[in-house]
file target-v8.txt (compact mmCIF, C-alpha atoms (C1' of nucleotides))
# COMPACT_ATOMS: atom_id res chain seq x y z
CA MET M 1 71.27 -69.11 105.03
CA ASN M 2 71.41 -72.38 103.11
CA LYS M 3 70.30 -72.08 99.53
CA PRO M 4 67.05 -73.94 99.01
CA VAL M 5 67.70 -76.52 96.32
CA GLN M 6 64.69 -77.46 94.29
CA ALA M 7 63.91 -81.12 93.81
CA ARG M 8 63.77 -80.42 90.10
CA THR M 9 67.41 -79.37 90.15
CA LEU M 10 68.59 -82.64 91.62
CA LYS M 11 66.49 -84.57 89.18
CA THR M 12 67.86 -82.75 86.16
CA ARG M 13 71.40 -83.11 87.38
CA ALA M 14 70.90 -86.82 87.89
CA LYS M 15 69.44 -87.15 84.40
CA LEU M 16 72.50 -85.45 82.95
CA ILE M 17 74.95 -87.61 84.85
CA ASP M 18 73.06 -90.79 84.05
CA ALA M 19 72.98 -89.90 80.38
CA ALA M 20 76.69 -89.14 80.40
CA LYS M 21 77.55 -92.40 82.13
CA ALA M 22 75.49 -94.37 79.65
CA LEU M 23 77.22 -92.66 76.73
CA VAL M 24 80.67 -93.24 78.19
CA ALA M 25 79.83 -96.87 78.77
CA ALA M 26 78.70 -97.16 75.18
CA SER M 27 81.90 -95.68 73.75
CA ASP M 28 84.54 -93.80 75.73
CA TYR M 29 85.25 -90.57 77.60
CA GLU M 30 86.95 -88.78 74.74
CA SER M 31 84.07 -89.06 72.33
CA LEU M 32 81.51 -87.75 74.77
CA ARG M 33 79.61 -84.77 73.33
CA VAL M 34 77.60 -82.33 75.39
CA GLU M 35 74.91 -82.26 72.73
CA ASP M 36 74.51 -86.02 72.98
CA VAL M 37 74.29 -85.82 76.75
CA VAL M 38 71.54 -83.21 76.76
CA GLN M 39 69.64 -84.97 74.00
CA ARG M 40 69.71 -88.23 75.91
CA ALA M 41 68.80 -86.45 79.14
CA GLY M 42 65.96 -84.65 77.37
CA VAL M 43 66.99 -81.14 78.32
CA ALA M 44 68.28 -78.10 76.48
CA LYS M 45 71.95 -77.37 76.01
CA GLY M 46 71.89 -74.34 78.24
CA THR M 47 70.63 -76.47 81.08
CA PHE M 48 73.83 -78.46 81.01
CA PHE M 49 75.89 -75.37 81.65
CA ALA M 50 73.58 -74.30 84.44
CA HIS M 51 74.59 -77.50 86.22
CA PHE M 52 78.25 -77.78 85.22
CA GLN M 53 80.76 -75.02 84.73
CA ASP M 54 81.97 -76.66 81.58
CA LYS M 55 82.29 -80.07 79.97
CA ASP M 56 85.44 -80.82 81.92
CA ALA M 57 83.60 -80.30 85.19
CA LEU M 58 81.30 -83.17 84.28
CA MET M 59 84.31 -85.26 83.36
CA ASP M 60 85.80 -84.35 86.70
CA GLU M 61 82.72 -85.82 88.38
CA LEU M 62 82.61 -88.98 86.31
CA ILE M 63 86.29 -89.78 86.39
CA GLY M 64 86.76 -88.67 89.97
CA GLU M 65 84.04 -91.01 91.10
CA ARG M 66 85.58 -93.91 89.21
CA ILE M 67 89.01 -93.31 90.68
CA ALA M 68 87.63 -92.88 94.19
CA THR M 69 85.90 -96.24 93.86
CA ILE M 70 89.06 -97.88 92.62
CA LEU M 71 91.08 -96.41 95.47
CA ASN M 72 88.54 -97.56 98.02
CA ASP M 73 88.77 -101.08 96.67
CA ILE M 74 92.53 -100.93 96.87
CA ALA M 75 92.40 -99.60 100.40
CA ALA M 76 90.13 -102.47 101.37
CA GLY M 77 92.72 -104.94 100.14
CA PRO M 78 95.73 -106.28 101.98
CA GLN M 79 98.67 -104.20 103.13
CA PRO M 80 101.50 -104.57 100.60
CA THR M 81 104.78 -105.69 102.06
CA SER M 82 107.10 -104.75 99.19
CA PRO M 83 107.38 -102.42 96.20
CA VAL M 84 106.25 -105.23 93.96
CA GLU M 85 103.12 -105.67 96.01
CA ILE M 86 102.50 -101.94 95.99
CA VAL M 87 102.55 -101.96 92.23
CA GLN M 88 100.29 -104.99 92.16
CA ALA M 89 97.87 -103.27 94.47
CA LEU M 90 97.88 -100.16 92.29
CA ARG M 91 97.24 -102.12 89.13
CA PRO M 92 93.51 -101.31 88.86
CA LEU M 93 94.31 -97.63 89.13
CA ILE M 94 97.01 -97.89 86.50
CA SER M 95 94.74 -99.82 84.17
CA PHE M 96 92.10 -97.14 84.35
CA ALA M 97 94.60 -94.33 83.88
CA ILE M 98 96.19 -95.79 80.78
CA ALA M 99 92.99 -97.03 79.19
CA GLU M 100 92.54 -93.63 77.56
CA ARG M 101 95.16 -91.02 76.96
CA TYR M 102 92.40 -88.43 77.19
CA VAL M 103 91.57 -89.54 80.71
CA PHE M 104 95.14 -89.33 81.86
CA ASP M 105 95.56 -85.85 80.43
CA LEU M 106 92.41 -84.67 82.10
CA VAL M 107 93.44 -86.21 85.40
CA LEU M 108 96.76 -84.38 85.25
CA ARG M 109 95.03 -81.16 84.32
CA TYR M 110 92.58 -81.43 87.18
CA SER M 111 95.06 -82.73 89.72
CA GLY M 112 95.91 -79.20 90.69
CA ALA M 113 93.16 -76.82 91.55
CA ALA M 114 93.49 -73.16 90.73
CA GLY M 115 92.72 -72.25 94.30
CA ILE M 116 91.83 -73.70 97.63
CA SER M 117 88.13 -73.30 96.95
CA ASP M 118 87.74 -75.28 93.76
CA ILE M 119 89.14 -78.66 94.67
CA GLY M 120 87.16 -81.10 92.60
CA PRO M 121 86.59 -84.84 92.66
CA ILE M 122 89.78 -85.71 90.82
CA ALA M 123 91.91 -83.49 93.01
CA ARG M 124 90.41 -85.22 96.01
CA THR M 125 91.47 -88.60 94.67
CA PHE M 126 95.04 -87.36 94.64
CA GLU M 127 94.70 -86.61 98.32
CA GLN M 128 93.12 -90.03 98.76
CA GLN M 129 95.98 -91.74 96.96
CA TYR M 130 98.45 -89.85 99.11
CA GLU M 131 96.68 -90.94 102.30
CA LEU M 132 96.67 -94.53 101.14
CA SER M 133 100.37 -94.41 100.34
CA LEU M 134 101.08 -92.82 103.67
CA GLN M 135 99.17 -95.59 105.40
CA TRP M 136 101.16 -98.24 103.56
CA VAL M 137 104.46 -96.54 104.20
CA THR M 138 103.87 -96.22 107.92
CA HIS M 139 102.67 -99.80 108.33
CA PRO M 140 105.25 -102.05 110.04
CA ASP M 141 104.82 -104.83 107.47
CA LEU M 142 106.33 -102.65 104.78
CA LYS M 143 110.01 -102.14 105.44
CA VAL M 144 111.08 -98.72 104.22
CA ARG M 145 113.97 -96.37 104.80
CA ASP M 146 113.67 -94.33 107.95
CA ASP M 147 115.97 -91.47 107.04
CA VAL M 148 113.12 -89.64 105.33
CA PRO M 149 109.71 -88.66 106.69
CA PRO M 150 106.89 -90.97 105.60
CA GLU M 151 104.98 -88.01 104.15
CA LEU M 152 107.76 -87.46 101.66
CA LEU M 153 107.85 -91.14 100.77
CA ALA M 154 104.13 -91.09 100.15
CA GLU M 155 104.39 -88.07 97.86
CA GLY M 156 107.19 -89.79 96.01
CA ILE M 157 105.03 -92.79 95.26
CA GLY M 158 102.58 -90.47 93.58
CA ALA M 159 105.33 -88.81 91.59
CA PHE M 160 106.68 -92.12 90.30
CA LEU M 161 103.22 -93.38 89.50
CA ILE M 162 102.65 -90.39 87.24
CA GLN M 163 106.10 -90.76 85.74
CA ALA M 164 105.62 -94.43 84.96
CA ILE M 165 102.26 -93.84 83.31
CA SER M 166 103.58 -90.91 81.29
CA LEU M 167 106.47 -92.97 80.02
CA ALA M 168 104.08 -95.75 79.14
CA PHE M 169 102.22 -93.38 76.80
CA CYS M 170 105.46 -92.02 75.52
CA ALA M 171 106.54 -95.41 74.30
CA LEU M 172 103.55 -97.50 73.45
CA HIS M 173 105.76 -99.52 71.18
CA SER M 174 108.02 -100.40 74.08
CA SER M 175 107.52 -103.74 75.70
CA VAL M 176 108.12 -102.35 79.16
CA SER M 177 104.86 -102.21 81.04
CA VAL M 178 103.96 -99.57 83.56
CA GLU M 179 104.31 -102.09 86.34
CA GLU M 180 107.77 -103.14 85.26
CA ARG M 181 108.79 -99.53 85.08
CA LEU M 182 107.32 -98.57 88.40
CA VAL M 183 108.90 -101.30 90.49
CA PRO M 184 112.52 -100.11 90.13
CA TYR M 185 111.47 -96.59 91.03
CA LEU M 186 109.75 -97.64 94.21
CA ASP M 187 112.46 -100.10 95.00
CA ALA M 188 115.05 -97.36 94.89
CA TRP M 189 112.83 -94.79 96.55
CA LEU M 190 111.63 -96.82 99.51
CA ARG M 191 114.55 -99.01 100.36
CA MET T 1 113.53 -89.31 46.26
CA ASN T 2 113.59 -86.19 48.38
CA LYS T 3 110.47 -84.12 48.22
CA PRO T 4 111.21 -80.85 46.49
CA VAL T 5 110.32 -78.11 48.95
CA GLN T 6 109.37 -74.86 47.36
CA ALA T 7 110.93 -71.68 48.64
CA ARG T 8 107.42 -70.32 49.00
CA THR T 9 106.59 -73.03 51.53
CA LEU T 10 109.47 -72.12 53.80
CA LYS T 11 108.59 -68.47 53.53
CA THR T 12 104.96 -69.01 54.47
CA ARG T 13 105.87 -71.23 57.36
CA ALA T 14 108.31 -68.65 58.62
CA LYS T 15 105.65 -65.96 58.33
CA LEU T 16 103.28 -68.04 60.40
CA ILE T 17 105.83 -68.77 63.11
CA ASP T 18 106.98 -65.17 63.24
CA ALA T 19 103.42 -63.96 63.55
CA ALA T 20 102.71 -66.46 66.30
CA LYS T 21 105.83 -65.48 68.23
CA ALA T 22 104.93 -61.82 68.01
CA LEU T 23 101.42 -62.48 69.27
CA VAL T 24 102.66 -64.62 72.14
CA ALA T 25 105.15 -61.92 73.07
CA ALA T 26 102.33 -59.38 73.04
CA SER T 27 100.11 -61.42 75.34
CA ASP T 28 100.57 -65.09 76.24
CA TYR T 29 100.38 -68.60 74.86
CA GLU T 30 96.89 -69.37 76.04
CA SER T 31 95.23 -66.48 74.26
CA LEU T 32 96.81 -67.23 70.92
CA ARG T 33 94.19 -67.60 68.19
CA VAL T 34 94.81 -69.26 64.85
CA GLU T 35 92.76 -66.59 63.13
CA ASP T 36 94.98 -63.89 64.56
CA VAL T 37 98.08 -65.74 63.47
CA VAL T 38 96.95 -66.11 59.88
CA GLN T 39 95.71 -62.55 59.72
CA ARG T 40 99.03 -61.23 60.94
CA ALA T 41 100.89 -63.55 58.60
CA GLY T 42 98.69 -62.43 55.71
CA VAL T 43 97.55 -65.88 54.67
CA ALA T 44 94.28 -67.80 54.69
CA LYS T 45 93.20 -70.03 57.51
CA GLY T 46 93.47 -73.20 55.50
CA THR T 47 97.10 -72.41 54.82
CA PHE T 48 97.85 -72.68 58.52
CA PHE T 49 96.61 -76.23 58.61
CA ALA T 50 98.60 -77.11 55.54
CA HIS T 51 101.69 -76.27 57.58
CA PHE T 52 100.70 -77.53 61.01
CA GLN T 53 98.64 -80.55 61.87
CA ASP T 54 96.72 -78.51 64.42
CA LYS T 55 97.13 -75.53 66.70
CA ASP T 56 98.91 -77.61 69.30
CA ALA T 57 101.55 -78.59 66.78
CA LEU T 58 102.48 -74.93 66.43
CA MET T 59 102.56 -74.61 70.21
CA ASP T 60 104.79 -77.66 70.29
CA GLU T 61 107.24 -75.82 68.04
CA LEU T 62 107.16 -72.56 69.94
CA ILE T 63 107.33 -73.97 73.42
CA GLY T 64 109.75 -76.74 72.50
CA GLU T 65 112.16 -74.21 71.10
CA ARG T 66 111.96 -72.09 74.22
CA ILE T 67 112.59 -75.03 76.50
CA ALA T 68 115.46 -76.30 74.37
CA THR T 69 117.10 -72.91 74.62
CA ILE T 70 116.64 -72.81 78.36
CA LEU T 71 118.11 -76.29 78.73
CA ASN T 72 121.08 -75.39 76.58
CA ASP T 73 121.79 -72.41 78.78
CA ILE T 74 121.54 -74.59 81.86
CA ALA T 75 123.86 -77.17 80.33
CA ALA T 76 126.39 -74.44 79.59
CA GLY T 77 126.40 -73.48 83.25
CA PRO T 78 128.42 -75.02 86.05
CA GLN T 79 128.04 -78.57 87.27
CA PRO T 80 125.86 -78.59 90.39
CA THR T 81 127.40 -80.26 93.40
CA SER T 82 124.30 -80.72 95.53
CA PRO T 83 120.53 -81.05 95.29
CA VAL T 84 120.19 -77.38 96.17
CA GLU T 85 122.42 -76.43 93.29
CA ILE T 86 120.50 -78.70 90.96
CA VAL T 87 117.32 -76.88 91.83
CA GLN T 88 119.05 -73.54 91.41
CA ALA T 89 120.30 -74.58 88.01
CA LEU T 90 116.82 -75.71 86.98
CA ARG T 91 115.24 -72.45 88.10
CA PRO T 92 114.88 -70.92 84.59
CA LEU T 93 113.11 -74.04 83.43
CA ILE T 94 110.80 -74.01 86.42
CA SER T 95 110.02 -70.33 85.94
CA PHE T 96 108.99 -70.90 82.36
CA ALA T 97 106.91 -73.95 83.22
CA ILE T 98 104.92 -72.25 85.95
CA ALA T 99 104.49 -68.93 84.18
CA GLU T 100 101.36 -70.26 82.51
CA ARG T 101 99.26 -73.17 83.60
CA TYR T 102 98.33 -73.66 79.95
CA VAL T 103 101.96 -74.14 79.01
CA PHE T 104 102.54 -76.75 81.68
CA ASP T 105 99.45 -78.67 80.66
CA LEU T 106 100.50 -78.67 77.05
CA VAL T 107 104.00 -79.75 77.96
CA LEU T 108 102.63 -82.69 79.90
CA ARG T 109 100.30 -83.57 77.08
CA TYR T 110 103.08 -83.49 74.52
CA SER T 111 105.67 -85.12 76.71
CA GLY T 112 104.58 -88.51 75.51
CA ALA T 113 104.26 -89.11 71.84
CA ALA T 114 101.62 -91.45 70.55
CA GLY T 115 104.21 -93.41 68.67
CA ILE T 116 107.87 -93.54 67.89
CA SER T 117 107.35 -91.59 64.70
CA ASP T 118 105.78 -88.42 66.02
CA ILE T 119 108.25 -87.25 68.62
CA GLY T 120 107.96 -83.50 68.57
CA PRO T 121 110.03 -80.63 69.91
CA ILE T 122 108.65 -80.80 73.43
CA ALA T 123 109.16 -84.55 73.68
CA ARG T 124 112.75 -84.01 72.59
CA THR T 125 113.30 -81.55 75.42
CA PHE T 126 112.32 -84.28 77.86
CA GLU T 127 115.07 -86.41 76.40
CA GLN T 128 117.37 -83.41 76.64
CA GLN T 129 116.50 -82.86 80.29
CA TYR T 130 117.13 -86.52 80.96
CA GLU T 131 120.55 -86.37 79.32
CA LEU T 132 121.45 -83.30 81.31
CA SER T 133 120.40 -84.93 84.56
CA LEU T 134 122.32 -88.05 83.66
CA GLN T 135 125.39 -85.96 83.00
CA TRP T 136 125.06 -84.26 86.38
CA VAL T 137 124.44 -87.49 88.20
CA THR T 138 127.47 -89.21 86.75
CA HIS T 139 129.80 -86.27 87.38
CA PRO T 140 132.21 -86.90 90.27
CA ASP T 141 131.53 -83.49 91.82
CA LEU T 142 127.98 -84.49 92.64
CA LYS T 143 127.96 -87.11 95.35
CA VAL T 144 125.04 -89.48 94.86
CA ARG T 145 124.05 -92.91 96.04
CA ASP T 146 125.68 -95.71 94.08
CA ASP T 147 123.21 -98.48 94.84
CA VAL T 148 121.05 -97.39 91.92
CA PRO T 149 121.97 -96.97 88.25
CA PRO T 150 122.49 -93.34 87.24
CA GLU T 151 119.88 -93.68 84.50
CA LEU T 152 117.24 -94.32 87.13
CA LEU T 153 118.42 -91.38 89.19
CA ALA T 154 118.18 -89.14 86.16
CA GLU T 155 114.62 -90.27 85.41
CA GLY T 156 113.72 -89.66 89.02
CA ILE T 157 114.86 -86.06 88.83
CA GLY T 158 112.41 -85.56 85.97
CA ALA T 159 109.63 -87.19 87.94
CA PHE T 160 110.17 -84.98 90.96
CA LEU T 161 110.45 -81.89 88.81
CA ILE T 162 107.01 -82.58 87.38
CA GLN T 163 105.64 -83.39 90.81
CA ALA T 164 106.96 -80.19 92.35
CA ILE T 165 105.54 -78.04 89.58
CA SER T 166 102.19 -79.80 89.71
CA LEU T 167 101.94 -79.25 93.44
CA ALA T 168 102.86 -75.63 92.94
CA PHE T 169 99.80 -75.18 90.72
CA CYS T 170 97.73 -77.24 93.09
CA ALA T 171 98.37 -74.86 95.92
CA LEU T 172 98.95 -71.41 94.59
CA HIS T 173 97.90 -70.11 97.95
CA SER T 174 100.65 -72.03 99.66
CA SER T 175 103.82 -70.22 100.51
CA VAL T 176 105.98 -73.18 99.59
CA SER T 177 107.80 -72.47 96.36
CA VAL T 178 108.62 -75.05 93.77
CA GLU T 179 112.26 -74.83 94.67
CA GLU T 180 111.61 -75.40 98.35
CA ARG T 181 109.46 -78.36 97.50
CA LEU T 182 111.89 -79.88 95.06
CA VAL T 183 114.98 -79.84 97.28
CA PRO T 184 113.73 -82.39 99.84
CA TYR T 185 112.72 -84.72 97.02
CA LEU T 186 116.11 -84.63 95.40
CA ASP T 187 117.86 -84.74 98.74
CA ALA T 188 116.10 -87.96 99.60
CA TRP T 189 116.34 -89.38 96.11
CA LEU T 190 120.02 -88.79 95.43
CA ARG T 191 121.64 -89.22 98.79
C1' DC I 1 106.76 -70.13 25.06
C1' DT I 2 103.11 -73.62 26.05
C1' DC I 3 101.10 -76.86 28.16
C1' DA I 4 100.58 -80.62 31.74
C1' DT I 5 101.19 -81.86 36.33
C1' DA I 6 101.95 -81.25 40.95
C1' DA I 7 102.18 -78.30 44.97
C1' DA I 8 100.37 -74.51 47.65
C1' DA I 9 96.89 -71.26 48.99
C1' DT I 10 92.07 -70.03 49.53
C1' DG I 11 87.77 -69.17 52.14
C1' DA I 12 83.18 -70.89 52.71
C1' DC I 13 81.74 -74.24 55.68
C1' DC I 14 81.23 -77.49 59.72
C1' DG I 15 81.42 -79.38 64.65
C1' DC I 16 81.15 -78.51 69.11
C1' DG I 17 81.86 -76.05 73.48
C1' DG I 18 79.96 -72.30 75.67
C1' DT I 19 76.77 -67.75 76.35
C1' DC I 20 72.71 -65.14 77.41
C1' DA I 21 68.36 -62.70 77.02
C1' DA I 22 63.88 -64.45 77.16
C1' DT I 23 60.56 -67.70 79.12
C1' DA I 24 58.60 -71.09 82.26
C1' DA I 25 58.21 -73.27 86.62
C1' DT I 26 58.56 -72.97 91.67
C1' DT I 27 58.12 -70.90 96.03
C1' DA I 28 56.61 -67.64 99.56
C1' DA I 29 53.63 -63.97 101.16
C1' DT I 30 49.15 -62.00 101.67
C1' DA H 1 43.82 -67.97 94.90
C1' DT H 2 46.55 -64.19 93.30
C1' DT H 3 50.64 -61.96 92.97
C1' DA H 4 55.50 -61.05 93.33
C1' DA H 5 60.07 -62.63 93.63
C1' DT H 6 63.34 -66.42 92.73
C1' DT H 7 65.13 -70.11 90.44
C1' DA H 8 65.42 -73.32 86.52
C1' DT H 9 65.06 -74.06 81.57
C1' DT H 10 65.30 -72.87 76.85
C1' DG H 11 67.39 -72.51 72.19
C1' DA H 12 69.17 -69.17 69.02
C1' DC H 13 73.57 -67.49 68.73
C1' DC H 14 78.74 -66.92 68.98
C1' DG H 15 83.87 -68.13 69.01
C1' DC H 16 87.21 -70.75 67.38
C1' DG H 17 89.57 -74.94 65.80
C1' DG H 18 89.63 -77.66 61.87
C1' DT H 19 88.09 -79.45 56.78
C1' DC H 20 87.97 -79.61 51.86
C1' DA H 21 86.60 -78.69 47.10
C1' DT H 22 88.23 -75.14 44.26
C1' DT H 23 91.52 -71.88 42.51
C1' DT H 24 96.12 -70.10 42.03
C1' DT H 25 100.94 -70.58 41.50
C1' DA H 26 105.24 -72.91 40.71
C1' DT H 27 107.85 -76.45 37.99
C1' DG H 28 109.61 -79.29 34.34
C1' DA H 29 109.25 -81.35 29.61
C1' DG H 30 109.04 -80.68 24.75
call {"tool": "encode", "arguments": {"input": "target-v8.txt", "output": "structure tokens"}}
result
Amino acid sequence: MNKPVQARTLKTRAKLIDAAKALVAASDYESLRVEDVVQRAGVAKGTFFAHFQDKDALMDELIGERIATILNDIAAGPQPTSPVEIVQALRPLISFAIAERYVFDLVLRYSGAAGISDIGPIARTFEQQYELSLQWVTHPDLKVRDDVPPELLAEGIGAFLIQAISLAFCALHSSVSVEERLVPYLDAWLR
Amino acid sequence: MNKPVQARTLKTRAKLIDAAKALVAASDYESLRVEDVVQRAGVAKGTFFAHFQDKDALMDELIGERIATILNDIAAGPQPTSPVEIVQALRPLISFAIAERYVFDLVLRYSGAAGISDIGPIARTFEQQYELSLQWVTHPDLKVRDDVPPELLAEGIGAFLIQAISLAFCALHSSVSVEERLVPYLDAWLR
DNA sequence: CTCATAAAATGACCGCGGTCAATAATTAAT
DNA sequence: ATTAATTATTGACCGCGGTCATTTTATGAG
């Protein structure tokens, strides 16, 4: 029943991902070119698309993995006890998201899957972020309002995180940082 | 001092926009092709890019205009007196935003300008939506919490609107509509 | 009207994501 | 080992957004 995966397939896929990671490390996500990836991996262009639906699917892998790692690190840290500490805890995630406008756009685009079947790495990190927020919100050390279910509070944290980052891109000239913007939101939302 | 704009320029630009509108009306935004636009407008391809920075800039015009119209209609309507009525009032906007995933993605991408100078039509509609929300929130007929500045409440409405629409795309299989999802957010946020 | 200058329009061309029929490598059966 | 069936790889090709040197058209001065 299970499809027999050839060892060659895994090897080629790994070569492609390694090549892509190296190229991203050398410049950035936005300037990644499929042709460069396949050249570095030593395979033909068509091979790339036999392994990934399209270029964005590779990006989904790369960026999703990065975000998952960041979220795991955050989850391993201490329980925040206030909105300010929440924002501090989220800082690594924010830094990554605002480092490249391209990344943020892609994350937003991939946050929602077209169907239940094609939930990709990035979409999973949204779930992960929600679970983390839910954990924080239900922890006794973080005093939050109790007139609203914790699930809703957790979703709200995600909404304000997106909002704060969007506004940061909207006004790069502004001196208000994402963190400064996010704190009042959470303060008002969670109190 | 003022650049002398030739009548020909305005005419060509109008031809391009008219052609684009007709094509969008005939199918949808996503399938719009620059080549089709210029062919219908009866001009060369290069001419298009003399009038618009890129294809997205044209989309910015088209979609921004639509949204501005929708928001004006909403603003001309009655003052909502509850979160449910807010969501009802916003329904035309929501309908347009979820009609095409492509449109929503582009709206998000254009919501933030790269700098203060290049605020386009779509970015302006975000401002417009904010002003409308602020107006609602400060109206005496809508009872809202007073422990938070109205400006923050207005921004929050925008954040939850985006969140609700995103989740709608994320789970097209789900039976929960955008409206149903949005009401609890606003209920908790404004009370 | 004529000519000089600037503005607008042109279309061949390029970059890059993505496709697909043809080919090569792998596996399983005898 | 040979063959047949499956799976992976290849690279020429296409679609479409975007560029730019060249040509065409409008404008203003004398």
call {"tool": "atom_distance", "arguments": {"input": "target-v8.txt", "atom1": "atom CA of Phe169 of chain M", "atom2": "atom CA of Tyr110 of chain T"}}
result
10.2 Å
call {"tool": "residues_around", "arguments": {"input": "target-v8.txt", "residues": "DA12 of chain I", "least_positions_apart": "5", "cutoff": "12 Å", "atoms": "only C-alpha atoms (C1' of nucleotides)", "output": "list in words"}}
result
Ala44, Lys45 and Gly46 of chain T; DT19, DC20, DA21 and DT22 of chain H
call {"tool": "write_last_selection", "arguments": {"input": "target-v8.txt", "atoms": "C-alpha atoms (C1' of nucleotides)", "output": "tab-separated table (two decimals), in the coordinates of the input"}}
result
chain	number	residue	atom	x	y	z
T	44	ALA	CA	94.28	-67.80	54.69
T	45	LYS	CA	93.20	-70.03	57.51
T	46	GLY	CA	93.47	-73.20	55.50
H	19	DT	C1'	88.09	-79.45	56.78
H	20	DC	C1'	87.97	-79.61	51.86
H	21	DA	C1'	86.60	-78.69	47.10
H	22	DT	C1'	88.23	-75.14	44.26
call {"tool": "interface_residues", "arguments": {"input": "target-v8.txt", "of": "chain M", "to": "chain I", "cutoff": "8 Å", "atoms": "only C-alpha atoms (C1' of nucleotides)", "output": "MDAnalysis selection string"}}
result
chainID M and resid 33:34 49 54:55
call {"tool": "closest_atom_pairs", "arguments": {"input": "target-v8.txt", "of": "chain H", "to": "chain M", "cutoff": "8 Å", "atoms": "all atoms listed in the file", "output": "tab-separated table"}}
result
residue	atom	partner	partner_atom	distance
H:DA8	C1'	M:Thr9	CA	7.3
H:DT9	C1'	M:Thr47	CA	6.1
H:DT10	C1'	M:Ala44	CA	6.0
H:DG11	C1'	M:Ala44	CA	7.1
call {"tool": "closest_residue", "arguments": {"input": "target-v8.txt", "among": "M:Arg91, M:Arg124, M:His139, M:Arg181", "to": "Ser111 of chain M", "atoms": "all atoms listed in the file"}}
result
M:Arg124
call {"tool": "interface_residues", "arguments": {"input": "target-v8.txt", "of": "chain T", "to": "chain M", "cutoff": "10 Å", "atoms": "only C-alpha atoms", "output": "PDB file with C-alpha atoms, keeping the file's coordinate frame"}}
result
ATOM      1  CA  ARG T 101      99.260 -73.170  83.600  1.00  0.00           C
ATOM      2  CA  TYR T 102      98.330 -73.660  79.950  1.00  0.00           C
ATOM      3  CA  PHE T 104     102.540 -76.750  81.680  1.00  0.00           C
ATOM      4  CA  ASP T 105      99.450 -78.670  80.660  1.00  0.00           C
ATOM      5  CA  LEU T 106     100.500 -78.670  77.050  1.00  0.00           C
ATOM      6  CA  LEU T 108     102.630 -82.690  79.900  1.00  0.00           C
ATOM      7  CA  ARG T 109     100.300 -83.570  77.080  1.00  0.00           C
ATOM      8  CA  TYR T 110     103.080 -83.490  74.520  1.00  0.00           C
ATOM      9  CA  SER T 111     105.670 -85.120  76.710  1.00  0.00           C
ATOM     10  CA  GLY T 112     104.580 -88.510  75.510  1.00  0.00           C
ATOM     11  CA  ALA T 113     104.260 -89.110  71.840  1.00  0.00           C
ATOM     12  CA  ALA T 114     101.620 -91.450  70.550  1.00  0.00           C
ATOM     13  CA  GLY T 115     104.210 -93.410  68.670  1.00  0.00           C
ATOM     14  CA  ILE T 116     107.870 -93.540  67.890  1.00  0.00           C
ATOM     15  CA  ILE T 119     108.250 -87.250  68.620  1.00  0.00           C
ATOM     16  CA  ALA T 123     109.160 -84.550  73.680  1.00  0.00           C
ATOM     17  CA  ASP T 147     123.210 -98.480  94.840  1.00  0.00           C
ATOM     18  CA  VAL T 148     121.050 -97.390  91.920  1.00  0.00           C
ATOM     19  CA  PRO T 149     121.970 -96.970  88.250  1.00  0.00           C
ATOM     20  CA  LEU T 152     117.240 -94.320  87.130  1.00  0.00           C
ATOM     21  CA  LEU T 153     118.420 -91.380  89.190  1.00  0.00           C
ATOM     22  CA  GLU T 155     114.620 -90.270  85.410  1.00  0.00           C
ATOM     23  CA  GLY T 156     113.720 -89.660  89.020  1.00  0.00           C
ATOM     24  CA  GLY T 158     112.410 -85.560  85.970  1.00  0.00           C
ATOM     25  CA  ALA T 159     109.630 -87.190  87.940  1.00  0.00           C
ATOM     26  CA  PHE T 160     110.170 -84.980  90.960  1.00  0.00           C
ATOM     27  CA  LEU T 161     110.450 -81.890  88.810  1.00  0.00           C
ATOM     28  CA  ILE T 162     107.010 -82.580  87.380  1.00  0.00           C
ATOM     29  CA  GLN T 163     105.640 -83.390  90.810  1.00  0.00           C
ATOM     30  CA  ALA T 164     106.960 -80.190  92.350  1.00  0.00           C
ATOM     31  CA  ILE T 165     105.540 -78.040  89.580  1.00  0.00           C
ATOM     32  CA  SER T 166     102.190 -79.800  89.710  1.00  0.00           C
ATOM     33  CA  LEU T 167     101.940 -79.250  93.440  1.00  0.00           C
ATOM     34  CA  ALA T 168     102.860 -75.630  92.940  1.00  0.00           C
ATOM     35  CA  PHE T 169      99.800 -75.180  90.720  1.00  0.00           C
ATOM     36  CA  CYS T 170      97.730 -77.240  93.090  1.00  0.00           C
ATOM     37  CA  ALA T 171      98.370 -74.860  95.920  1.00  0.00           C
ATOM     38  CA  LEU T 172      98.950 -71.410  94.590  1.00  0.00           C
ATOM     39  CA  HIS T 173      97.900 -70.110  97.950  1.00  0.00           C
ATOM     40  CA  SER T 174     100.650 -72.030  99.660  1.00  0.00           C
ATOM     41  CA  PRO T 184     113.730 -82.390  99.840  1.00  0.00           C
ATOM     42  CA  TYR T 185     112.720 -84.720  97.020  1.00  0.00           C
ATOM     43  CA  ASP T 187     117.860 -84.740  98.740  1.00  0.00           C
ATOM     44  CA  ALA T 188     116.100 -87.960  99.600  1.00  0.00           C
ATOM     45  CA  TRP T 189     116.340 -89.380  96.110  1.00  0.00           C
ATOM     46  CA  LEU T 190     120.020 -88.790  95.430  1.00  0.00           C
TER      47      LEU T 190
END
call {"tool": "atom_distance", "arguments": {"input": "target-v8.txt", "atom1": "atom CA of Gln79 of chain M", "atom2": "atom CA of Leu182 of chain T"}}
result
28.8 Å
call {"tool": "atom_distance", "arguments": {"input": "target-v8.txt", "atom1": "atom CA of Phe96 of chain T", "atom2": "atom CA of Leu58 of chain T"}}
result
17.7 Å
call {"tool": "residues_near_point", "arguments": {"input": "target-v8.txt", "point": "(72.7, -91.5, 82.1)", "cutoff": "12 Å", "atoms": "all atoms listed in the file", "output": "list in words"}}
result
Lys11, Thr12, Arg13, Ala14, Lys15, Leu16, Ile17, Asp18, Ala19, Ala20, Lys21, Ala22, Leu23, Val24, Ala25, Ala26, Asp36, Val37, Val38, Gln39, Arg40, Ala41, Gly42 and Leu62 of chain M
